[in-house]
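Participant: Before we start, here is the structure in question, set down as structure tokens.
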Amino acid sequence: MDPFEVRIRFTQHLQHLNASVTSSNKAAQYALKYRDMDEDLHSCILEQLERNNMNNRANIMYFIEQLCDMAAKENHYDYVRMMQRDILRVVDAVAPEDGSGAANVKVVRKVLQGLQQKSFLLAQTVSEIEECLKERDTAPDTVGLSSPLDPDTEMGGTALSIHATPKSARINGAYPRLDKKQIEQRIEEDRERHKRLRENIWAVPQGGVDDREFQKMWDETSEVGEDDFLLYEEEAAERDEAAKDWEEEYKNRVTANEAP
């Protein structure tokens with residue numbers, strides 16, 4: 001496929017990302033399919049992060065973790081290395097220092113923690129970025145768009161410093177707000193992610209001879225004690241009492257039906 005066409009199609013994948021796993025997997029598989037153009041495709045990610053609205057930037061942030069995970073499984077670590085190199089630029093785009101991306105600060109923290117747990121980022125790097133993020137979630141989370149980052153921003157060196165997005169993103173002293181459609185979209189996507197997170201928490205790994213679900217319940221169940229026996233006796237007494245009441249009510253109904 002023509003390199004230009006590859007970039008166009010990958011850009012379309014990024015622009016249509018949402019909270020579903022399918023959209024992220026599809027975009028990551030496309031990036032790995034054309035891994036010989038990984039540098040160009042990585043530049044597409046950065047461009048879309050700096051040009052799209054805050055909802056799409058949050059989706060791309062989640063996608064980055066998915067891409068690194070899949071790339072590592074296929075032993076193609078170039079995407080991981082490029083992400084490590086440009087992580088500061090990514091953070092600046094998703095949660096700008098001007099406060100326009102305050103609603104995305106939690107997204108950034110969550111993805112950074114995931115990347116650290118998977119050893120894609122050093123703990124020290126995440127810690128230093130976290131220090132820069134502390135002041136970014138204090139702005140109102142009803143803000144909307146921000147201007148792109150300076151393309152000449154220097155990301156080299158060992159010092160970690162998040163560069164500010166131009167203050168011109170403010171309009172008449174206030175940040176532009178998200179429109180109603182974008183707010184509703186964000187609510188739906190967050191709800192979908194939370195639902196999937198709960199599913200992952202309760203999921204029990206399959207495979208093997210052992211009954212993993214039974215073992216999980218066995219491990220989480222406390223040992224039987226004297227209080228348990230007292231509770232069982234009380235419940236048994238309540239059941240006997242309920243049975244007697246039902247038997248008495250049943251006899252009364254039969255007697256009433258047999259009466260002339």
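In the structure tokens, chains take letters A, B, ... by order of appearance, with residues numbered from 1 within each chain and ligands from 1 in the order shown.
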Which residues, written as a PyMOL selection string, have at least one atom at most 12 Å from A:Lys106, with only C-alpha atoms counted and residues fewer than 4 positions away on the same chain left out?
Facilitator: chain A and resi 58+61-62+91+94-95+101-102+110-113+130+133-134+136-138+141+190
Participant: Please save N, CA, C and O atoms of the selected residues as a compact mmCIF listing (two decimals), in the first residue's frame.
Facilitator:
```
# COMPACT_ATOMS: atom_id res chain seq x y z
N ALA A 58 -8.28 11.62 24.86
CA ALA A 58 -8.37 10.61 25.93
C ALA A 58 -8.43 9.21 25.34
O ALA A 58 -7.77 8.28 25.83
N MET A 61 -5.06 8.22 24.20
CA MET A 61 -4.20 7.91 25.35
C MET A 61 -4.40 6.47 25.78
O MET A 61 -3.44 5.73 26.03
N TYR A 62 -5.64 6.04 25.87
CA TYR A 62 -5.91 4.63 26.20
C TYR A 62 -5.37 3.70 25.11
O TYR A 62 -4.86 2.61 25.39
N VAL A 91 1.67 13.62 27.11
CA VAL A 91 0.99 14.13 28.31
C VAL A 91 0.58 15.58 28.12
O VAL A 91 -0.52 16.00 28.50
N VAL A 94 -2.61 15.62 25.92
CA VAL A 94 -3.83 15.07 26.52
C VAL A 94 -4.30 15.91 27.70
O VAL A 94 -5.51 16.10 27.90
N ALA A 95 -3.37 16.44 28.50
CA ALA A 95 -3.73 17.26 29.65
C ALA A 95 -2.84 18.50 29.67
O ALA A 95 -1.88 18.57 30.43
N GLY A 101 -7.41 20.70 29.68
CA GLY A 101 -7.59 19.25 29.68
C GLY A 101 -7.69 18.67 31.06
O GLY A 101 -7.29 17.52 31.30
N ALA A 102 -8.23 19.45 32.01
CA ALA A 102 -8.32 18.98 33.40
C ALA A 102 -9.10 17.67 33.51
O ALA A 102 -8.79 16.83 34.33
N LYS A 110 -4.09 7.13 34.92
CA LYS A 110 -4.44 5.70 34.80
C LYS A 110 -3.56 5.00 33.76
O LYS A 110 -3.06 3.89 34.00
N VAL A 111 -3.38 5.64 32.61
CA VAL A 111 -2.57 5.02 31.55
C VAL A 111 -1.11 4.95 31.97
O VAL A 111 -0.43 3.94 31.73
N LEU A 112 -0.61 6.00 32.61
CA LEU A 112 0.78 5.98 33.05
C LEU A 112 1.02 4.86 34.06
O LEU A 112 2.05 4.18 34.03
N GLN A 113 0.07 4.67 34.98
CA GLN A 113 0.20 3.58 35.95
C GLN A 113 0.20 2.22 35.25
O GLN A 113 0.96 1.32 35.61
N GLU A 130 3.90 12.82 37.44
CA GLU A 130 2.81 13.00 38.40
C GLU A 130 2.94 14.32 39.14
O GLU A 130 1.94 15.01 39.42
N LEU A 133 1.52 16.92 37.07
CA LEU A 133 0.07 16.82 36.85
C LEU A 133 -0.74 17.33 38.03
O LEU A 133 -1.94 17.57 37.89
N LYS A 134 -0.13 17.48 39.19
CA LYS A 134 -0.88 17.83 40.40
C LYS A 134 -1.64 19.14 40.26
O LYS A 134 -2.72 19.30 40.81
N ARG A 136 -2.70 20.36 37.42
CA ARG A 136 -3.49 20.40 36.19
C ARG A 136 -4.93 19.93 36.38
O ARG A 136 -5.75 20.12 35.49
N ASP A 137 -5.23 19.26 37.49
CA ASP A 137 -6.60 18.81 37.71
C ASP A 137 -7.36 19.75 38.63
O ASP A 137 -8.43 19.40 39.13
N THR A 138 -6.82 20.93 38.86
CA THR A 138 -7.50 21.90 39.72
C THR A 138 -8.36 22.85 38.91
O THR A 138 -9.22 23.53 39.45
N ASP A 141 -13.38 21.18 35.12
CA ASP A 141 -13.36 20.07 34.16
C ASP A 141 -14.44 20.21 33.12
O ASP A 141 -14.81 19.25 32.46
N ASP A 190 -16.98 6.87 29.31
CA ASP A 190 -16.53 6.57 30.66
C ASP A 190 -17.34 5.45 31.28
O ASP A 190 -16.81 4.58 31.98
```
Participant: With only C-alpha atoms as the atoms that count, which of A:Asp40, A:Glu50, A:Asp69, A:Glu74 lies nearest to A:Ala93?
Facilitator: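 Among the listed residues, the smallest separation from A:Ala93 belongs to A:Glu50.
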Participant: Please, what distance in Å, to one decimal, runs between atom CA of A:Leu115 and atom CA of A:Glu65?
Facilitator: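 Pair atom CA of A:Leu115 / atom CA of A:Glu65 returns 6.4 Å.
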Participant: How far is it from atom CA of A:Asn18 to atom CA of A:Tyr30, in Å with one decimal?
Facilitator: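 We find that atom CA of A:Asn18 and atom CA of A:Tyr30 lie 16.0 Å from each other.
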Participant: Give me the residues within 12 Å of A:Ser23 as an MDAnalysis selection string, counting only C-alpha atoms and dropping any in the same chain fewer than 6 places off.
Facilitator: chainID A and resid 10 12:17 29:30 59:60 62:63 66:67
